[in-house]
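Text of start_14.tsv (TSV, C-alpha atoms) as supplied:
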```tsv
chain	number	residue	atom	x	y	z
A	227	MET	CA	-8.00	-103.83	-94.04
A	228	LYS	CA	-6.42	-101.63	-91.36
A	229	ASN	CA	-4.15	-99.98	-93.94
A	230	GLN	CA	-7.13	-99.30	-96.22
A	231	ILE	CA	-9.05	-97.65	-93.38
A	232	THR	CA	-5.99	-95.55	-92.49
A	233	LYS	CA	-5.61	-94.44	-96.11
A	234	LYS	CA	-9.29	-93.44	-96.27
A	235	LEU	CA	-8.99	-91.46	-93.05
A	236	ASP	CA	-5.83	-89.74	-94.30
A	237	PHE	CA	-7.55	-88.85	-97.59
A	238	SER	CA	-10.61	-87.53	-95.74
A	239	THR	CA	-8.44	-85.37	-93.48
A	240	SER	CA	-6.38	-84.09	-96.38
A	241	PHE	CA	-9.55	-83.23	-98.31
A	242	LYS	CA	-10.98	-81.31	-95.35
A	243	HIS	CA	-7.72	-79.39	-94.99
A	244	SER	CA	-7.76	-78.48	-98.68
A	245	LEU	CA	-11.35	-77.24	-98.50
A	246	PHE	CA	-10.52	-75.24	-95.39
A	247	ARG	CA	-7.54	-73.56	-97.06
A	248	LEU	CA	-9.72	-72.54	-100.01
A	249	TYR	CA	-12.30	-71.15	-97.60
A	250	ARG	CA	-9.65	-69.27	-95.61
A	251	LYS	CA	-8.15	-67.79	-98.77
A	252	SER	CA	-11.57	-66.51	-99.82
A	253	VAL	CA	-12.28	-65.01	-96.39
A	254	ILE	CA	-8.90	-63.26	-96.29
A	255	LYS	CA	-9.45	-61.84	-99.77
A	256	LYS	CA	-12.81	-60.37	-98.76
A	257	HIS	CA	-11.59	-59.35	-95.25
A	258	GLU	CA	-15.01	-58.25	-94.07
A	259	LEU	CA	-14.99	-56.55	-90.67
A	260	ASN	CA	-17.72	-58.31	-88.70
A	261	TYR	CA	-16.35	-58.28	-85.14
A	262	LEU	CA	-15.00	-55.16	-83.41
A	263	PHE	CA	-13.50	-54.94	-79.93
A	264	TRP	CA	-13.71	-51.70	-78.00
A	265	GLU	CA	-11.18	-51.49	-75.19
A	266	CYS	CA	-13.16	-48.91	-73.28
A	267	THR	CA	-10.81	-48.73	-70.28
A	268	LEU	CA	-7.51	-50.06	-69.01
A	269	ARG	CA	-8.64	-49.67	-65.41
A	270	CYS	CA	-9.41	-52.86	-63.53
A	271	ASN	CA	-10.61	-53.77	-60.04
A	272	LEU	CA	-8.59	-57.00	-60.03
A	273	ASN	CA	-4.88	-57.70	-60.31
A	274	CYS	CA	-4.87	-61.04	-62.16
A	275	LEU	CA	-1.62	-62.96	-62.44
A	276	HIS	CA	-2.18	-63.71	-66.13
A	277	CYS	CA	-3.39	-60.32	-67.40
A	278	GLY	CA	-2.10	-59.87	-70.95
A	279	SER	CA	-2.79	-56.13	-70.89
A	280	ASP	CA	-1.21	-55.61	-67.45
A	281	CYS	CA	-4.25	-53.59	-66.33
A	282	LEU	CA	-4.20	-51.62	-63.07
A	283	LYS	CA	-6.72	-49.94	-60.77
A	284	LEU	CA	-5.30	-46.58	-61.86
A	285	SER	CA	-4.25	-46.57	-65.50
A	286	GLU	CA	-2.01	-43.94	-67.09
A	287	VAL	CA	-4.19	-44.23	-70.20
A	288	LYS	CA	-7.45	-42.33	-69.79
A	289	ASP	CA	-10.74	-43.99	-70.65
A	290	MET	CA	-11.82	-43.30	-74.21
A	291	PRO	CA	-14.77	-40.86	-74.23
A	292	ALA	CA	-18.00	-42.56	-75.30
A	293	GLU	CA	-18.67	-39.94	-77.98
A	294	ASP	CA	-15.34	-40.78	-79.66
A	295	PHE	CA	-16.25	-44.43	-80.02
A	296	ILE	CA	-19.73	-43.50	-81.24
A	297	LYS	CA	-18.05	-41.51	-84.04
A	298	VAL	CA	-16.15	-44.68	-84.94
A	299	LEU	CA	-19.46	-46.55	-85.08
A	300	ASP	CA	-20.90	-43.94	-87.44
A	301	ASP	CA	-17.91	-44.41	-89.74
A	302	VAL	CA	-18.35	-48.20	-89.64
A	303	LYS	CA	-22.07	-47.95	-90.37
A	304	ALA	CA	-21.48	-45.63	-93.34
A	305	LYS	CA	-18.63	-47.56	-94.95
A	306	ASN	CA	-19.00	-51.21	-93.95
A	307	HIS	CA	-21.57	-53.28	-95.82
A	308	VAL	CA	-21.59	-55.88	-92.99
A	309	LYS	CA	-24.43	-54.22	-91.14
A	310	ARG	CA	-25.18	-56.73	-88.38
A	311	MET	CA	-21.71	-56.84	-86.92
A	312	MET	CA	-20.77	-57.61	-83.32
A	313	ILE	CA	-19.27	-55.04	-80.94
A	314	CYS	CA	-17.50	-56.52	-77.93
A	315	ILE	CA	-16.89	-54.06	-75.09
A	316	THR	CA	-13.98	-55.05	-72.93
A	317	GLY	CA	-11.10	-53.64	-70.90
A	318	GLY	CA	-9.69	-53.63	-68.26
A	319	GLU	CA	-13.02	-54.10	-66.56
A	320	PRO	CA	-15.79	-52.43	-68.60
A	321	LEU	CA	-18.24	-52.26	-65.69
A	322	LEU	CA	-16.04	-49.60	-64.08
A	323	ARG	CA	-17.62	-47.23	-66.59
A	324	ASN	CA	-21.07	-45.83	-65.82
A	325	ASP	CA	-21.94	-45.01	-69.43
A	326	LEU	CA	-22.01	-48.49	-70.99
A	327	GLU	CA	-25.79	-48.37	-71.27
A	328	GLN	CA	-25.58	-45.10	-73.21
A	329	VAL	CA	-23.04	-46.61	-75.60
A	330	GLY	CA	-25.04	-49.83	-75.84
A	331	LYS	CA	-28.17	-47.95	-76.94
A	332	GLU	CA	-26.14	-46.12	-79.60
A	333	ILE	CA	-24.78	-49.45	-80.85
A	334	ILE	CA	-28.31	-50.85	-81.14
A	335	LYS	CA	-29.49	-47.68	-82.94
A	336	ARG	CA	-26.92	-48.35	-85.65
A	337	GLY	CA	-28.14	-51.90	-86.13
A	338	PHE	CA	-25.22	-53.70	-84.46
A	339	TYR	CA	-25.12	-56.31	-81.71
A	340	TRP	CA	-23.08	-55.83	-78.56
A	341	GLY	CA	-21.81	-57.67	-75.52
A	342	ILE	CA	-19.23	-57.45	-72.75
A	343	VAL	CA	-16.48	-59.50	-71.14
A	344	THR	CA	-16.51	-59.01	-67.36
A	345	ASN	CA	-14.98	-60.36	-64.17
A	346	GLY	CA	-18.37	-59.91	-62.49
A	347	MET	CA	-17.12	-57.87	-59.52
A	348	LEU	CA	-19.55	-54.99	-60.16
A	349	LEU	CA	-22.43	-56.91	-61.73
A	350	THR	CA	-25.41	-56.37	-59.44
A	351	PRO	CA	-28.93	-57.54	-60.43
A	352	GLN	CA	-29.84	-53.90	-61.08
A	353	ARG	CA	-26.85	-53.31	-63.36
A	354	PHE	CA	-27.48	-56.56	-65.19
A	355	ILE	CA	-31.06	-55.59	-66.04
A	356	SER	CA	-29.91	-52.09	-66.98
A	357	LEU	CA	-27.43	-53.55	-69.48
A	358	ILE	CA	-30.05	-55.94	-70.85
A	359	ASN	CA	-32.48	-53.04	-71.34
A	360	ALA	CA	-29.74	-51.19	-73.24
A	361	GLY	CA	-29.55	-54.09	-75.69
A	362	MET	CA	-26.72	-56.25	-74.33
A	363	GLY	CA	-27.02	-59.57	-76.13
A	364	SER	CA	-23.98	-61.48	-74.92
A	365	THR	CA	-21.60	-61.69	-72.02
A	366	SER	CA	-18.64	-63.81	-70.99
A	367	PHE	CA	-17.58	-64.53	-67.42
A	368	SER	CA	-14.13	-65.66	-66.35
A	369	LEU	CA	-14.18	-68.54	-63.86
A	370	ASP	CA	-10.88	-70.34	-63.26
A	371	GLY	CA	-11.86	-73.05	-60.83
A	372	PHE	CA	-13.40	-73.19	-57.39
A	373	GLU	CA	-12.74	-70.56	-54.73
A	374	LYS	CA	-9.13	-71.59	-54.08
A	375	GLU	CA	-8.07	-71.78	-57.73
A	376	HIS	CA	-10.03	-68.74	-58.88
A	377	THR	CA	-8.73	-66.57	-56.04
A	378	TYR	CA	-5.16	-67.66	-56.76
A	379	LEU	CA	-5.34	-66.32	-60.32
A	380	ARG	CA	-7.54	-63.27	-59.63
A	381	VAL	CA	-5.83	-62.25	-56.36
A	382	ASN	CA	-9.05	-61.12	-54.69
A	383	PRO	CA	-10.96	-63.10	-52.01
A	384	GLN	CA	-14.33	-61.73	-53.22
A	385	SER	CA	-13.80	-62.57	-56.89
A	386	TYR	CA	-15.15	-66.13	-56.81
A	387	LYS	CA	-18.35	-65.19	-54.99
A	388	LYS	CA	-19.02	-62.26	-57.31
A	389	VAL	CA	-18.49	-64.12	-60.59
A	390	CYS	CA	-20.71	-66.98	-59.37
A	391	GLU	CA	-23.44	-64.43	-58.64
A	392	GLY	CA	-23.03	-63.05	-62.16
A	393	ILE	CA	-23.27	-66.51	-63.70
A	394	LYS	CA	-26.43	-67.17	-61.71
A	395	LEU	CA	-28.00	-63.97	-63.05
A	396	ALA	CA	-27.18	-64.94	-66.63
A	397	VAL	CA	-28.41	-68.53	-66.25
A	398	SER	CA	-31.72	-67.40	-64.72
A	399	PHE	CA	-32.28	-64.86	-67.49
A	400	GLN	CA	-31.38	-67.36	-70.21
A	401	GLU	CA	-33.71	-69.99	-68.76
A	402	LYS	CA	-36.56	-67.48	-68.92
A	403	TYR	CA	-35.80	-65.72	-72.22
A	404	GLY	CA	-33.69	-68.22	-74.15
A	405	GLU	CA	-31.42	-66.84	-76.86
A	406	ARG	CA	-32.15	-63.24	-75.92
A	407	LEU	CA	-28.84	-63.55	-74.07
A	408	LEU	CA	-25.87	-65.61	-75.20
A	409	PHE	CA	-23.26	-66.21	-72.55
A	410	ASP	CA	-20.40	-68.51	-71.79
A	411	VAL	CA	-17.84	-69.16	-69.12
A	412	ILE	CA	-14.13	-68.79	-69.86
A	413	THR	CA	-11.52	-70.78	-67.94
A	414	CYS	CA	-7.79	-70.11	-68.19
A	415	VAL	CA	-5.91	-73.33	-67.50
A	416	HIS	CA	-2.55	-73.46	-65.70
A	417	HIS	CA	-0.62	-75.77	-63.36
A	418	ASN	CA	-2.83	-75.15	-60.34
A	419	ASN	CA	-6.28	-75.76	-61.84
A	420	LEU	CA	-5.64	-78.46	-64.44
A	421	ASP	CA	-6.50	-81.35	-62.13
A	422	ILE	CA	-9.84	-79.92	-60.97
A	423	LEU	CA	-11.27	-79.45	-64.49
A	424	PRO	CA	-13.52	-82.56	-64.26
A	425	GLN	CA	-15.05	-81.30	-61.00
A	426	LEU	CA	-15.40	-77.80	-62.44
A	427	ARG	CA	-17.16	-79.23	-65.50
A	428	ASP	CA	-19.74	-80.96	-63.31
A	429	ASP	CA	-20.17	-77.81	-61.25
A	430	LEU	CA	-20.85	-75.70	-64.34
A	431	ILE	CA	-23.37	-78.25	-65.60
A	432	GLU	CA	-25.09	-78.20	-62.21
A	433	ARG	CA	-25.24	-74.37	-62.37
A	434	GLY	CA	-26.97	-74.56	-65.76
A	435	VAL	CA	-24.10	-73.22	-67.88
A	436	LYS	CA	-24.44	-74.38	-71.50
A	437	MET	CA	-21.27	-73.05	-73.12
A	438	TRP	CA	-17.66	-73.20	-71.90
A	439	ARG	CA	-14.43	-71.95	-73.46
A	440	ILE	CA	-11.06	-73.17	-72.27
A	441	PHE	CA	-7.91	-71.13	-72.79
A	442	SER	CA	-4.28	-71.96	-72.21
A	443	ILE	CA	-2.26	-69.01	-70.90
A	444	PHE	CA	0.22	-67.41	-73.28
A	445	PRO	CA	3.25	-65.46	-72.01
A	446	GLU	CA	2.16	-61.86	-72.60
A	447	GLY	CA	1.90	-58.93	-70.19
A	448	ARG	CA	1.76	-60.02	-66.55
A	449	ALA	CA	1.45	-63.66	-67.62
A	450	GLY	CA	4.96	-63.42	-69.04
A	451	GLN	CA	6.27	-62.66	-65.55
A	452	ASN	CA	4.56	-65.63	-63.89
A	453	ASP	CA	5.12	-69.34	-64.48
A	454	LEU	CA	1.64	-70.24	-65.75
A	455	SER	CA	2.29	-71.95	-69.09
A	456	LEU	CA	1.53	-75.67	-69.33
A	457	THR	CA	4.20	-78.29	-70.00
A	458	LYS	CA	3.79	-80.63	-72.98
A	459	GLU	CA	2.33	-83.32	-70.72
A	460	GLU	CA	-0.07	-80.88	-69.07
A	461	TYR	CA	-1.14	-79.37	-72.37
A	462	LYS	CA	-1.97	-82.79	-73.80
A	463	LYS	CA	-3.85	-83.69	-70.63
A	464	MET	CA	-5.94	-80.52	-71.02
A	465	MET	CA	-6.70	-81.26	-74.68
A	466	ASP	CA	-7.69	-84.86	-73.91
A	467	PHE	CA	-10.02	-83.54	-71.23
A	468	ILE	CA	-11.66	-81.16	-73.73
A	469	VAL	CA	-12.16	-83.99	-76.26
A	470	GLU	CA	-13.65	-86.20	-73.52
A	471	THR	CA	-15.95	-83.40	-72.32
A	472	ARG	CA	-17.36	-82.81	-75.81
A	473	ASN	CA	-18.83	-86.33	-75.55
A	474	TYR	CA	-19.60	-86.25	-71.84
A	475	LYS	CA	-22.92	-86.52	-70.00
A	476	ASP	CA	-23.28	-86.48	-66.24
A	477	SER	CA	-25.32	-88.95	-64.20
A	478	LYS	CA	-28.51	-87.05	-65.12
A	479	GLY	CA	-27.72	-87.03	-68.85
A	480	ARG	CA	-26.74	-83.34	-68.90
A	481	SER	CA	-23.85	-81.93	-70.89
A	482	ILE	CA	-21.93	-78.72	-71.59
A	483	HIS	CA	-20.64	-77.55	-74.97
A	484	VAL	CA	-16.93	-76.86	-74.64
A	485	ASN	CA	-14.46	-75.42	-77.15
A	486	TYR	CA	-10.75	-74.87	-76.93
A	487	SER	CA	-9.90	-71.24	-77.64
A	488	CYS	CA	-8.95	-69.92	-81.08
A	489	GLU	CA	-5.24	-70.23	-80.29
A	490	GLY	CA	-2.92	-72.32	-82.41
A	491	TRP	CA	-3.05	-75.15	-84.93
A	492	ILE	CA	-3.52	-78.35	-82.90
A	493	GLY	CA	-3.11	-80.99	-85.62
A	494	ASN	CA	-5.01	-84.22	-84.88
A	495	TYR	CA	-7.08	-82.42	-82.25
A	496	GLU	CA	-8.63	-80.05	-84.80
A	497	LEU	CA	-12.43	-80.50	-84.94
A	498	LYS	CA	-12.14	-82.79	-81.90
A	499	ALA	CA	-11.37	-80.09	-79.33
A	500	ARG	CA	-13.33	-77.28	-81.02
A	501	ASP	CA	-16.01	-76.77	-83.66
A	502	TYR	CA	-13.77	-75.19	-86.29
A	503	PHE	CA	-10.29	-75.35	-87.81
A	504	PHE	CA	-7.78	-72.91	-86.34
A	505	PHE	CA	-7.92	-69.59	-88.18
A	506	CYS	CA	-6.37	-66.45	-86.69
A	507	ARG	CA	-8.89	-63.86	-87.92
A	508	GLY	CA	-7.10	-60.85	-86.46
A	509	GLY	CA	-7.08	-58.18	-89.16
A	510	VAL	CA	-9.18	-60.45	-91.40
A	511	ASN	CA	-12.62	-60.27	-89.76
A	512	VAL	CA	-11.68	-59.02	-86.31
A	513	GLY	CA	-10.54	-55.49	-85.49
A	514	SER	CA	-10.18	-53.37	-82.39
A	515	VAL	CA	-10.08	-49.83	-81.10
A	516	MET	CA	-7.77	-49.70	-78.11
A	517	CYS	CA	-8.16	-47.38	-75.16
A	518	ASP	CA	-5.59	-44.90	-76.54
A	519	GLY	CA	-7.24	-44.92	-79.97
A	520	SER	CA	-4.90	-47.44	-81.60
A	521	ILE	CA	-6.43	-49.50	-84.40
A	522	GLY	CA	-5.48	-53.16	-84.44
A	523	ALA	CA	-6.61	-56.76	-84.60
A	524	CYS	CA	-7.96	-58.54	-81.52
A	525	LEU	CA	-6.85	-57.09	-78.21
A	526	SER	CA	-4.43	-59.93	-77.52
A	527	VAL	CA	-2.35	-58.62	-80.45
A	528	ARG	CA	-0.54	-55.61	-78.98
A	529	SER	CA	2.80	-55.52	-80.82
A	530	LYS	CA	3.62	-52.18	-82.48
A	531	ASP	CA	4.27	-54.07	-85.72
A	532	PHE	CA	0.57	-54.91	-85.93
A	533	ILE	CA	-0.93	-51.55	-84.93
A	534	GLN	CA	-2.31	-50.04	-88.13
A	535	GLY	CA	-3.10	-46.48	-87.08
A	536	ASN	CA	-4.94	-44.41	-84.51
A	537	ILE	CA	-8.39	-42.84	-84.63
A	538	TYR	CA	-6.83	-39.66	-83.22
A	539	GLY	CA	-4.12	-39.50	-85.88
A	540	ASP	CA	-1.02	-37.53	-84.88
A	541	THR	CA	-2.74	-36.12	-81.79
A	542	ALA	CA	-3.00	-39.53	-80.13
A	543	ASN	CA	-0.89	-38.43	-77.15
A	544	SER	CA	-2.52	-35.02	-76.76
A	545	ASP	CA	-5.06	-34.05	-74.11
A	546	ASN	CA	-7.16	-32.37	-76.82
A	547	ARG	CA	-7.78	-35.45	-78.91
A	548	GLN	CA	-10.32	-35.44	-81.71
A	549	VAL	CA	-11.33	-38.35	-83.91
A	550	CYS	CA	-9.83	-37.55	-87.30
A	551	VAL	CA	-9.02	-40.95	-88.85
A	552	SER	CA	-11.55	-43.28	-90.45
A	553	LEU	CA	-11.40	-46.77	-88.98
A	554	MET	CA	-12.87	-48.22	-92.18
A	555	ASP	CA	-10.32	-46.44	-94.37
A	556	VAL	CA	-7.56	-48.00	-92.26
A	557	TRP	CA	-9.30	-51.38	-92.40
A	558	ASN	CA	-9.63	-51.27	-96.19
A	559	ASN	CA	-6.21	-49.86	-97.00
A	560	LYS	CA	-3.88	-51.27	-94.34
A	561	PHE	CA	-3.62	-54.52	-92.35
A	562	GLN	CA	-1.57	-56.11	-95.16
A	563	ASN	CA	0.88	-57.78	-92.74
A	564	LEU	CA	-2.04	-59.37	-90.89
A	565	ARG	CA	-3.62	-60.78	-94.04
A	566	ASP	CA	-0.40	-62.01	-95.62
A	567	ARG	CA	1.47	-64.02	-92.97
A	568	SER	CA	4.39	-65.04	-95.21
A	569	TRP	CA	6.75	-62.92	-93.04
A	570	ALA	CA	6.18	-65.47	-90.21
A	571	LYS	CA	7.78	-68.33	-92.15
A	572	HIS	CA	11.13	-68.27	-90.38
A	573	GLY	CA	12.72	-70.00	-87.40
A	574	LYS	CA	10.92	-73.22	-86.49
A	575	CYS	CA	8.10	-72.33	-88.91
A	576	LYS	CA	10.39	-72.13	-91.97
A	577	ASN	CA	10.44	-75.82	-92.89
A	578	CYS	CA	7.43	-77.01	-90.90
A	579	ARG	CA	5.07	-79.36	-92.75
A	580	GLN	CA	2.13	-77.83	-90.91
A	581	TRP	CA	2.75	-74.32	-92.28
A	582	LYS	CA	-0.07	-74.46	-94.84
A	583	GLN	CA	-2.59	-75.14	-92.09
A	584	CYS	CA	-1.11	-72.95	-89.35
A	585	LEU	CA	0.46	-69.89	-91.05
A	586	GLY	CA	2.68	-69.28	-88.05
A	587	ASN	CA	0.14	-69.62	-85.20
A	588	GLY	CA	-1.85	-66.72	-83.73
A	589	LEU	CA	-0.59	-63.16	-84.13
A	590	HIS	CA	-0.66	-62.71	-80.36
A	591	LEU	CA	2.28	-65.13	-80.09
A	592	HIS	CA	4.51	-62.88	-82.22
A	593	HIS	CA	6.23	-60.09	-80.30
A	594	ASP	CA	7.10	-58.51	-83.65
A	595	MET	CA	7.63	-59.54	-87.27
A	596	GLU	CA	11.24	-60.57	-86.67
A	597	CYS	CA	11.02	-62.73	-83.57
A	598	GLU	CA	10.23	-66.41	-83.74
A	599	VAL	CA	6.76	-67.43	-82.57
A	600	ALA	CA	6.64	-67.58	-78.75
A	601	HIS	CA	5.45	-71.19	-78.71
A	602	CYS	CA	3.99	-73.80	-81.03
A	603	ASN	CA	0.76	-75.53	-80.02
A	604	TYR	CA	1.29	-78.29	-82.55
A	605	GLU	CA	4.74	-79.01	-81.13
A	606	LEU	CA	3.25	-79.40	-77.66
A	607	LEU	CA	0.97	-82.18	-78.90
A	608	HIS	CA	2.92	-83.94	-81.66
A	609	GLU	CA	6.41	-85.04	-82.49
A	610	MET	CA	7.78	-82.51	-84.97
A	611	LYS	CA	9.05	-83.91	-88.28
```

Please go through the file and, once you have read it, give me the structure as structure tokens.
Amino acid sequence: MKNQITKKLDFSTSFKHSLFRLYRKSVIKKHELNYLFWECTLRCNLNCLHCGSDCLKLSEVKDMPAEDFIKVLDDVKAKNHVKRMMICITGGEPLLRNDLEQVGKEIIKRGFYWGIVTNGMLLTPQRFISLINAGMGSTSFSLDGFEKEHTYLRVNPQSYKKVCEGIKLAVSFQEKYGERLLFDVITCVHHNNLDILPQLRDDLIERGVKMWRIFSIFPEGRAGQNDLSLTKEEYKKMMDFIVETRNYKDSKGRSIHVNYSCEGWIGNYELKARDYFFFCRGGVNVGSVMCDGSIGACLSVRSKDFIQGNIYGDTANSDNRQVCVSLMDVWNNKFQNLRDRSWAKHGKCKNCRQWKQCLGNGLHLHHDMECEVAHCNYELLHEMK
């Protein structure tokens, strides 16, 4: 009887994998751009230990003028049939700019949605309402533990207080206006905050947070210089916590919906630790305009091998930049190496039985098209065969 049940479960899993691969193949073939990041600045008012972009208070890269990004939006509206796409404004710290409301109104005029990712340091009640009135429909806050743990990673004694104030603003607004604002809390897990995750979960529930995303830190940018990556034992402990939390209710019957981030194929934990199978959509559905005008996938993918062009063309490094390249033309005619990942089948990936599901992990874990993937999520959780 036990063998029969095991065979049925194996068949069910295999069938789901097959359906998913057909779905993924169809999505890649269509490659509809429906999510666009705008890296509006590389300036930041924090100095986080794990910053993948290595952002600084004073960046050598100037902020992109708002009118340049608005021209990009006009191009997208004219040439992309996915009209209700999402624009995510990020940085650096986007709230260092005073013109986000202007850009937000222009985004709404063109029929798109928009939101921001913020550390909360500059989010006053007045600014929050100003952004809401400009059409902001989503926001994500980074909270990496309680005051001790959060301050350790963010390197600023005011950071915990400020992000908690921002979360309170968002919770209060959501309680009053419901889905007018979607927001979640993002936690980056490392050695020093892994053990407090259960207490943090209960704290978030008590604050009224409904959605939580948990990330593991990958060795890119400043994170590559600091020892923040989890060991195999720690990584499994984190994943088991996520699975437990997805079925958890506190003493008052309250819960929080948690997902592991989009990073990496996680084998038996797929659909247990998140709502969806792993699918790196960089260059498939997700694109970005970086602060210097570079056109790429999501902003975690910064290797030159995966940059597809620049909205400023050959004048990208000039002080007299003008938008002269169509983002949608680049999207439709390039990005081939992001949609066909066969180049990644080398090193440990070459003979891996999980290749069909994983396709070489997330693009952000490839420093270029020649190097082996920086780490394998599946290997951290399972014995490799």

Tyr502 in chain A surroundings by all atoms listed in the file, 10 Å radius, close-in-sequence under 3 positions cut, as number ranges by chain: A: 246, 485-486, 488, 496-499, 505

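The closest residue to Gly509 in chain A, picked from A:Ile537, A:Val527, A:Met362, A:Leu299 and counting all atoms listed in the file, is A:Val527.
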
Contact residues around His601 in chain A with all atoms listed in the file at 12 Å, ignoring same-chain residues under 5 positions, as number ranges by chain: A: 442-446, 455-458, 489-491, 573-575, 586-593, 606-607

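Here CA of Lys478 in chain A and CA of Leu426 in chain A stand 16.3 Å from one another.
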
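The closest residue to Ala570 in chain A, picked from A:Leu322, A:Cys584, A:Ile422, A:Val551 and counting all atoms listed in the file, is A:Cys584.
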
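Take CA of Leu407 in chain A and CA of Lys331 in chain A: the distance between them is 15.9 Å.
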
Best match for closeness to His257 in chain A among A:His376, A:Lys462, A:Lys560, A:Lys576, counting all atoms listed in the file: A:Lys560

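Summary of the local environment: counting all atoms listed in the file, residues at most 12 Å from Asp429 in chain A, other than itself and those fewer than 6 positions away along its chain, are Leu369, Gly371, Phe372, Cys390, Ile393, Val411, Ile422, Leu423, Val435, Lys436, Trp438, Asp476, Arg480, Ser481 and Ile482 of chain A.
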
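Interatomic distance, CA of Arg433 in chain A against CA of Val397 in chain A: 7.7 Å.
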
Among listed residues A:Cys270, A:Met595, A:Gly493, A:Tyr378, nearest Lys582 in chain A (using all atoms listed in the file): A:Gly493

Selected residue, from A:Val599, A:Cys506, A:Cys517, A:Val469, that lies nearest to Glu286 in chain A when counting all atoms listed in the file: A:Cys517

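With only C-alpha atoms as the atoms that count, the minimum distance from Val515 in chain A to the choices A:Gln562, A:Asn494, A:Asn345, A:Thr267 is reached by A:Thr267.
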
Exercise: Lys297 in chain A partners within 9 Å, only C-alpha atoms, chain neighbours under 5 positions left out, as a PyMOL selection string: chain A and resi 292+302+549

Contacts of Cys524 in chain A at 7 Å (all atoms listed in the file; same-chain gap of 6+ positions) as number ranges by chain: A: 263, 508, 512-514
